[in-house]
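Okay, start.cif is below, mmCIF, N, CA and C atoms:
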data_structure
loop_
_atom_site.group_PDB
_atom_site.id
_atom_site.type_symbol
_atom_site.label_atom_id
_atom_site.label_comp_id
_atom_site.auth_asym_id
_atom_site.auth_seq_id
_atom_site.Cartn_x
_atom_site.Cartn_y
_atom_site.Cartn_z
ATOM 1 N N MET A 1405 179.656 -87.834 -83.034
ATOM 2 C CA MET A 1405 179.224 -86.784 -82.144
ATOM 3 C C MET A 1405 179.384 -85.452 -82.888
ATOM 4 N N ASP A 1406 178.337 -84.644 -82.899
ATOM 5 C CA ASP A 1406 178.378 -83.341 -83.549
ATOM 6 C C ASP A 1406 179.233 -82.370 -82.751
ATOM 7 N N LYS A 1407 179.997 -81.565 -83.470
ATOM 8 C CA LYS A 1407 180.817 -80.534 -82.833
ATOM 9 C C LYS A 1407 180.268 -79.182 -83.273
ATOM 10 N N ILE A 1408 180.117 -78.254 -82.322
ATOM 11 C CA ILE A 1408 179.655 -76.910 -82.642
ATOM 12 C C ILE A 1408 180.625 -75.900 -82.039
ATOM 13 N N VAL A 1409 180.659 -74.734 -82.639
ATOM 14 C CA VAL A 1409 181.548 -73.678 -82.173
ATOM 15 C C VAL A 1409 180.694 -72.513 -81.697
ATOM 16 N N PHE A 1410 180.947 -72.065 -80.481
ATOM 17 C CA PHE A 1410 180.272 -70.906 -79.915
ATOM 18 C C PHE A 1410 181.246 -69.740 -79.935
ATOM 19 N N THR A 1411 180.727 -68.594 -80.318
ATOM 20 C CA THR A 1411 181.543 -67.394 -80.343
ATOM 21 C C THR A 1411 180.987 -66.411 -79.322
ATOM 22 N N PRO A 1412 181.609 -66.333 -78.146
ATOM 23 C CA PRO A 1412 181.139 -65.388 -77.127
ATOM 24 C C PRO A 1412 181.338 -63.954 -77.598
ATOM 25 N N GLU A 1413 180.595 -63.033 -76.975
ATOM 26 C CA GLU A 1413 180.708 -61.615 -77.342
ATOM 27 C C GLU A 1413 182.132 -61.109 -77.197
ATOM 28 N N SER A 1414 182.827 -61.618 -76.216
ATOM 29 C CA SER A 1414 184.237 -61.250 -76.059
ATOM 30 C C SER A 1414 185.028 -62.529 -75.823
ATOM 31 N N GLY A 1415 186.118 -62.650 -76.515
ATOM 32 C CA GLY A 1415 186.954 -63.816 -76.308
ATOM 33 C C GLY A 1415 187.032 -64.711 -77.525
ATOM 34 N N GLU A 1416 187.724 -65.803 -77.338
ATOM 35 C CA GLU A 1416 187.976 -66.766 -78.397
ATOM 36 C C GLU A 1416 186.795 -67.724 -78.581
ATOM 37 N N PRO A 1417 186.605 -68.229 -79.800
ATOM 38 C CA PRO A 1417 185.565 -69.240 -80.023
ATOM 39 C C PRO A 1417 185.821 -70.478 -79.154
ATOM 40 N N VAL A 1418 184.732 -71.112 -78.723
ATOM 41 C CA VAL A 1418 184.807 -72.291 -77.865
ATOM 42 C C VAL A 1418 184.126 -73.447 -78.591
ATOM 43 N N ARG A 1419 184.789 -74.590 -78.641
ATOM 44 C CA ARG A 1419 184.231 -75.775 -79.296
ATOM 45 C C ARG A 1419 183.611 -76.701 -78.259
ATOM 46 N N PHE A 1420 182.413 -77.182 -78.591
ATOM 47 C CA PHE A 1420 181.711 -78.139 -77.743
ATOM 48 C C PHE A 1420 181.241 -79.314 -78.585
ATOM 49 N N TYR A 1421 181.063 -80.442 -77.929
ATOM 50 C CA TYR A 1421 180.494 -81.629 -78.550
ATOM 51 C C TYR A 1421 179.086 -81.808 -78.005
ATOM 52 N N VAL A 1422 178.127 -81.979 -78.899
ATOM 53 C CA VAL A 1422 176.728 -82.116 -78.510
ATOM 54 C C VAL A 1422 176.459 -83.579 -78.159
ATOM 55 N N LEU A 1423 176.063 -83.813 -76.908
ATOM 56 C CA LEU A 1423 175.740 -85.157 -76.449
ATOM 57 C C LEU A 1423 174.285 -85.513 -76.715
ATOM 58 N N GLU A 1424 173.390 -84.522 -76.539
ATOM 59 C CA GLU A 1424 171.954 -84.782 -76.696
ATOM 60 C C GLU A 1424 171.240 -83.447 -76.829
ATOM 61 N N GLN A 1425 170.018 -83.488 -77.346
ATOM 62 C CA GLN A 1425 169.182 -82.298 -77.426
ATOM 63 C C GLN A 1425 167.746 -82.682 -77.130
ATOM 64 N N THR A 1426 166.976 -81.702 -76.631
ATOM 65 C CA THR A 1426 165.577 -81.953 -76.311
ATOM 66 C C THR A 1426 164.799 -80.647 -76.374
ATOM 67 N N ARG A 1427 163.501 -80.766 -76.388
ATOM 68 C CA ARG A 1427 162.599 -79.609 -76.340
ATOM 69 C C ARG A 1427 161.690 -79.829 -75.140
ATOM 70 N N LEU A 1428 161.624 -78.839 -74.274
ATOM 71 C CA LEU A 1428 160.845 -78.939 -73.042
ATOM 72 C C LEU A 1428 160.097 -77.627 -72.845
ATOM 73 N N GLY A 1429 158.782 -77.699 -72.785
ATOM 74 C CA GLY A 1429 157.977 -76.496 -72.601
ATOM 75 C C GLY A 1429 158.148 -75.497 -73.729
ATOM 76 N N GLY A 1430 158.384 -75.991 -74.941
ATOM 77 C CA GLY A 1430 158.557 -75.116 -76.092
ATOM 78 C C GLY A 1430 159.932 -74.496 -76.222
ATOM 79 N N VAL A 1431 160.872 -74.898 -75.380
ATOM 80 C CA VAL A 1431 162.231 -74.355 -75.388
ATOM 81 C C VAL A 1431 163.195 -75.470 -75.765
ATOM 82 N N ASP A 1432 164.138 -75.159 -76.663
ATOM 83 C CA ASP A 1432 165.155 -76.134 -77.069
ATOM 84 C C ASP A 1432 166.350 -76.063 -76.138
ATOM 85 N N TYR A 1433 166.855 -77.239 -75.772
ATOM 86 C CA TYR A 1433 168.031 -77.354 -74.907
ATOM 87 C C TYR A 1433 169.016 -78.314 -75.551
ATOM 88 N N ILE A 1434 170.310 -78.074 -75.307
ATOM 89 C CA ILE A 1434 171.331 -79.032 -75.723
ATOM 90 C C ILE A 1434 172.240 -79.329 -74.537
ATOM 91 N N LEU A 1435 172.692 -80.565 -74.492
ATOM 92 C CA LEU A 1435 173.668 -81.007 -73.499
ATOM 93 C C LEU A 1435 174.995 -81.105 -74.229
ATOM 94 N N VAL A 1436 175.978 -80.341 -73.792
ATOM 95 C CA VAL A 1436 177.271 -80.301 -74.473
ATOM 96 C C VAL A 1436 178.391 -80.629 -73.498
ATOM 97 N N THR A 1437 179.524 -81.018 -74.070
ATOM 98 C CA THR A 1437 180.730 -81.251 -73.292
ATOM 99 C C THR A 1437 181.909 -80.654 -74.044
ATOM 100 N N ASP A 1438 182.958 -80.341 -73.329
ATOM 101 C CA ASP A 1438 184.135 -79.764 -73.969
ATOM 102 C C ASP A 1438 185.161 -80.816 -74.374
ATOM 103 N N SER A 1439 184.840 -82.094 -74.175
ATOM 104 C CA SER A 1439 185.772 -83.166 -74.487
ATOM 105 C C SER A 1439 185.066 -84.284 -75.258
ATOM 106 N N GLU A 1440 185.675 -84.709 -76.332
ATOM 107 C CA GLU A 1440 185.074 -85.759 -77.150
ATOM 108 C C GLU A 1440 185.119 -87.124 -76.468
ATOM 109 N N ASP A 1441 186.081 -87.348 -75.573
ATOM 110 C CA ASP A 1441 186.233 -88.671 -74.969
ATOM 111 C C ASP A 1441 185.412 -88.878 -73.705
ATOM 112 N N GLY A 1442 184.606 -87.889 -73.300
ATOM 113 C CA GLY A 1442 183.703 -88.071 -72.169
ATOM 114 C C GLY A 1442 184.250 -87.675 -70.818
ATOM 115 N N ASP A 1443 185.481 -87.222 -70.749
ATOM 116 C CA ASP A 1443 186.066 -86.830 -69.465
ATOM 117 C C ASP A 1443 185.978 -85.339 -69.204
ATOM 118 N N GLY A 1444 185.202 -84.621 -70.008
ATOM 119 C CA GLY A 1444 185.143 -83.174 -69.892
ATOM 120 C C GLY A 1444 183.981 -82.698 -69.048
ATOM 121 N N GLU A 1445 183.863 -81.379 -68.987
ATOM 122 C CA GLU A 1445 182.781 -80.729 -68.255
ATOM 123 C C GLU A 1445 181.543 -80.680 -69.149
ATOM 124 N N ALA A 1446 180.382 -80.966 -68.565
ATOM 125 C CA ALA A 1446 179.120 -80.915 -69.309
ATOM 126 C C ALA A 1446 178.328 -79.680 -68.902
ATOM 127 N N LEU A 1447 177.634 -79.090 -69.871
ATOM 128 C CA LEU A 1447 176.789 -77.933 -69.639
ATOM 129 C C LEU A 1447 175.452 -78.140 -70.329
ATOM 130 N N ILE A 1448 174.410 -77.555 -69.770
ATOM 131 C CA ILE A 1448 173.112 -77.532 -70.428
ATOM 132 C C ILE A 1448 172.901 -76.111 -70.908
ATOM 133 N N LEU A 1449 172.614 -75.979 -72.206
ATOM 134 C CA LEU A 1449 172.422 -74.676 -72.822
ATOM 135 C C LEU A 1449 170.993 -74.545 -73.327
ATOM 136 N N ARG A 1450 170.430 -73.353 -73.185
ATOM 137 C CA ARG A 1450 169.069 -73.041 -73.630
ATOM 138 C C ARG A 1450 169.156 -72.163 -74.875
ATOM 139 N N ASP A 1451 168.351 -72.493 -75.892
ATOM 140 C CA ASP A 1451 168.284 -71.694 -77.111
ATOM 141 C C ASP A 1451 167.401 -70.479 -76.842
ATOM 142 N N THR A 1452 167.972 -69.293 -76.926
ATOM 143 C CA THR A 1452 167.228 -68.062 -76.655
ATOM 144 C C THR A 1452 166.915 -67.285 -77.928
ATOM 145 N N SER A 1453 167.222 -67.850 -79.086
ATOM 146 C CA SER A 1453 166.996 -67.144 -80.343
ATOM 147 C C SER A 1453 165.534 -67.220 -80.768
ATOM 148 N N ALA A 1454 165.143 -66.253 -81.576
ATOM 149 C CA ALA A 1454 163.796 -66.237 -82.152
ATOM 150 C C ALA A 1454 163.798 -67.100 -83.410
ATOM 151 N N PRO A 1455 162.636 -67.655 -83.794
ATOM 152 C CA PRO A 1455 162.575 -68.511 -84.979
ATOM 153 C C PRO A 1455 163.096 -67.839 -86.254
ATOM 154 N N GLU A 1456 162.949 -66.523 -86.352
ATOM 155 C CA GLU A 1456 163.395 -65.830 -87.556
ATOM 156 C C GLU A 1456 164.881 -65.476 -87.543
ATOM 157 N N ASP A 1457 165.569 -65.707 -86.431
ATOM 158 C CA ASP A 1457 167.005 -65.431 -86.351
ATOM 159 C C ASP A 1457 167.778 -66.379 -87.264
ATOM 160 N N GLY A 1458 168.820 -65.864 -87.865
ATOM 161 C CA GLY A 1458 169.634 -66.667 -88.773
ATOM 162 C C GLY A 1458 170.493 -67.695 -88.063
ATOM 163 N N GLU A 1459 170.896 -67.400 -86.850
ATOM 164 C CA GLU A 1459 171.746 -68.307 -86.075
ATOM 165 C C GLU A 1459 171.143 -68.502 -84.692
ATOM 166 N N ALA A 1460 171.387 -69.660 -84.128
ATOM 167 C CA ALA A 1460 170.914 -69.941 -82.775
ATOM 168 C C ALA A 1460 171.767 -69.173 -81.767
ATOM 169 N N VAL A 1461 171.122 -68.740 -80.701
ATOM 170 C CA VAL A 1461 171.813 -68.075 -79.599
ATOM 171 C C VAL A 1461 171.545 -68.899 -78.351
ATOM 172 N N TYR A 1462 172.605 -69.358 -77.707
ATOM 173 C CA TYR A 1462 172.476 -70.209 -76.527
ATOM 174 C C TYR A 1462 173.041 -69.516 -75.312
ATOM 175 N N GLU A 1463 172.457 -69.830 -74.160
ATOM 176 C CA GLU A 1463 173.019 -69.379 -72.893
ATOM 177 C C GLU A 1463 173.002 -70.558 -71.916
ATOM 178 N N ILE A 1464 173.936 -70.527 -70.991
ATOM 179 C CA ILE A 1464 174.045 -71.598 -69.996
ATOM 180 C C ILE A 1464 172.862 -71.505 -69.041
ATOM 181 N N VAL A 1465 172.239 -72.640 -68.765
ATOM 182 C CA VAL A 1465 171.128 -72.695 -67.809
ATOM 183 C C VAL A 1465 171.713 -72.597 -66.405
ATOM 184 N N THR A 1466 171.290 -71.579 -65.655
ATOM 185 C CA THR A 1466 171.811 -71.375 -64.303
ATOM 186 C C THR A 1466 170.734 -71.476 -63.230
ATOM 187 N N ASP A 1467 169.463 -71.339 -63.598
ATOM 188 C CA ASP A 1467 168.375 -71.455 -62.637
ATOM 189 C C ASP A 1467 168.294 -72.899 -62.154
ATOM 190 N N ASP A 1468 168.393 -73.105 -60.833
ATOM 191 C CA ASP A 1468 168.449 -74.457 -60.269
ATOM 192 C C ASP A 1468 167.232 -75.304 -60.620
ATOM 193 N N GLU A 1469 166.055 -74.730 -60.562
ATOM 194 C CA GLU A 1469 164.837 -75.486 -60.856
ATOM 195 C C GLU A 1469 164.807 -75.921 -62.329
ATOM 196 N N GLU A 1470 165.118 -75.001 -63.220
ATOM 197 C CA GLU A 1470 165.156 -75.325 -64.647
ATOM 198 C C GLU A 1470 166.261 -76.337 -64.930
ATOM 199 N N LEU A 1471 167.418 -76.123 -64.341
ATOM 200 C CA LEU A 1471 168.556 -77.016 -64.539
ATOM 201 C C LEU A 1471 168.230 -78.432 -64.089
ATOM 202 N N ASN A 1472 167.624 -78.580 -62.921
ATOM 203 C CA ASN A 1472 167.265 -79.909 -62.417
ATOM 204 C C ASN A 1472 166.251 -80.602 -63.312
ATOM 205 N N ALA A 1473 165.256 -79.849 -63.812
ATOM 206 C CA ALA A 1473 164.228 -80.442 -64.674
ATOM 207 C C ALA A 1473 164.824 -80.923 -65.989
ATOM 208 N N VAL A 1474 165.641 -80.096 -66.611
ATOM 209 C CA VAL A 1474 166.231 -80.466 -67.899
ATOM 210 C C VAL A 1474 167.275 -81.567 -67.712
ATOM 211 N N ALA A 1475 168.057 -81.497 -66.642
ATOM 212 C CA ALA A 1475 169.055 -82.535 -66.367
ATOM 213 C C ALA A 1475 168.390 -83.894 -66.184
ATOM 214 N N ALA A 1476 167.218 -83.922 -65.543
ATOM 215 C CA ALA A 1476 166.499 -85.186 -65.361
ATOM 216 C C ALA A 1476 166.064 -85.761 -66.704
ATOM 217 N N VAL A 1477 165.631 -84.905 -67.614
ATOM 218 C CA VAL A 1477 165.239 -85.367 -68.952
ATOM 219 C C VAL A 1477 166.452 -85.941 -69.681
ATOM 220 N N PHE A 1478 167.571 -85.232 -69.653
ATOM 221 C CA PHE A 1478 168.774 -85.728 -70.310
ATOM 222 C C PHE A 1478 169.269 -87.029 -69.669
ATOM 223 N N ALA A 1479 169.212 -87.136 -68.361
ATOM 224 C CA ALA A 1479 169.642 -88.365 -67.681
ATOM 225 C C ALA A 1479 168.786 -89.539 -68.135
ATOM 226 N N ASN A 1480 167.505 -89.310 -68.266
ATOM 227 C CA ASN A 1480 166.590 -90.348 -68.731
ATOM 228 C C ASN A 1480 166.907 -90.740 -70.166
ATOM 229 N N MET A 1481 167.201 -89.768 -71.008
ATOM 230 C CA MET A 1481 167.522 -90.032 -72.402
ATOM 231 C C MET A 1481 168.825 -90.805 -72.537
ATOM 232 N N LEU A 1482 169.807 -90.455 -71.757
ATOM 233 C CA LEU A 1482 171.111 -91.102 -71.864
ATOM 234 C C LEU A 1482 171.094 -92.526 -71.332
ATOM 235 N N ASP A 1483 170.174 -92.841 -70.409
ATOM 236 C CA ASP A 1483 170.034 -94.222 -69.929
ATOM 237 C C ASP A 1483 169.601 -95.167 -71.037
ATOM 238 N N ASP A 1484 168.899 -94.640 -72.041
ATOM 239 C CA ASP A 1484 168.391 -95.465 -73.138
ATOM 240 C C ASP A 1484 169.411 -95.689 -74.240
ATOM 241 N N ILE A 1485 170.551 -95.034 -74.184
ATOM 242 C CA ILE A 1485 171.559 -95.151 -75.229
ATOM 243 C C ILE A 1485 172.527 -96.275 -74.879
ATOM 244 N N GLN A 1486 172.773 -97.150 -75.857
ATOM 245 C CA GLN A 1486 173.748 -98.223 -75.678
ATOM 246 C C GLN A 1486 175.122 -97.735 -76.099
ATOM 247 N N LEU A 1487 176.048 -97.665 -75.172
ATOM 248 C CA LEU A 1487 177.412 -97.256 -75.480
ATOM 249 C C LEU A 1487 178.288 -98.480 -75.580
ATOM 250 N N THR A 1488 179.049 -98.546 -76.666
ATOM 251 C CA THR A 1488 179.940 -99.693 -76.830
ATOM 252 C C THR A 1488 181.368 -99.268 -76.955
#
Take the structure in the file and write it out as structure tokens.
Amino acid sequence: MDKIVFTPESGEPVRFYVLEQTRLGGVDYILVTDSEDGDGEALILRDTSAPEDGEAVYEIVTDDEELNAVAAVFANMLDDIQLT
């Protein structure tokens, strides 16, 4: 599982584990969790950076309609993964 570090504008860096990623309507999204063992909180983040930006900029998806659409895609993707 890939681990990424987010550095908020104020505060300490936060580490997340990337569970899955997708592109929907030309926008990149990642599904992350704060726990490697699966018992943590999951968030869906949207990439808001421009293609020419050196680093990706993500924000938490809060719009209910967008969140439901992307969550459905991730749920479908995770059903296809065999966990052992």
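Within the file as shown, the PyMOL selection byres (((chain A and resi 1437 and name CA) around 6) and name CA) identifies A:Phe1420, A:Tyr1421, A:Val1436, A:Asp1438, A:Ser1439, A:Gly1444, A:Glu1445, A:Ala1446.
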So which residues of chain A fall under strand (DSSP E) by DSSP, listed as a count of residues only? 32
Expansion of the PyMOL selection byres (((chain A and resi 1435 and name CA) around 8) and name CA) into residues, as JSON, numbers by chain: {"A": [1422, 1423, 1424, 1425, 1433, 1434, 1436, 1437, 1446, 1447, 1448, 1449, 1478]}
Would you kindly translate the PyMOL selection byres (((chain A and resi 1419 and name CA) around 6) and name CA) into the concrete residues it picks from this file, as an MDAnalysis selection string? chainID A and resid 1408:1409 1418 1420
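In this model, the gap between atom CA of A:Val1477 and atom CA of A:Thr1452 comes to 19.0 Å.
When atom CA of A:Ala1473 is paired with atom CA of A:Asp1451, their separation reads 15.7 Å.
Across the model, the gap from atom CA of A:Asp1441 to atom C of A:Asp1406 is 12.2 Å.
Running DSSP on the backbone gives helix (DSSP H, G or I) for these residues within chain A: Asp1468, Glu1469, Glu1470, Leu1471, Asn1472, Ala1473, Val1474, Ala1475, Ala1476, Val1477, Phe1478, Ala1479, Asn1480, Met1481, Leu1482 and Asp1483 of chain A.
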Pick the closest to A:Val1461 from A:Arg1427, A:Asp1483, A:Asp1432, A:Lys1407: which is it, counting only C-alpha atoms? A:Asp1432
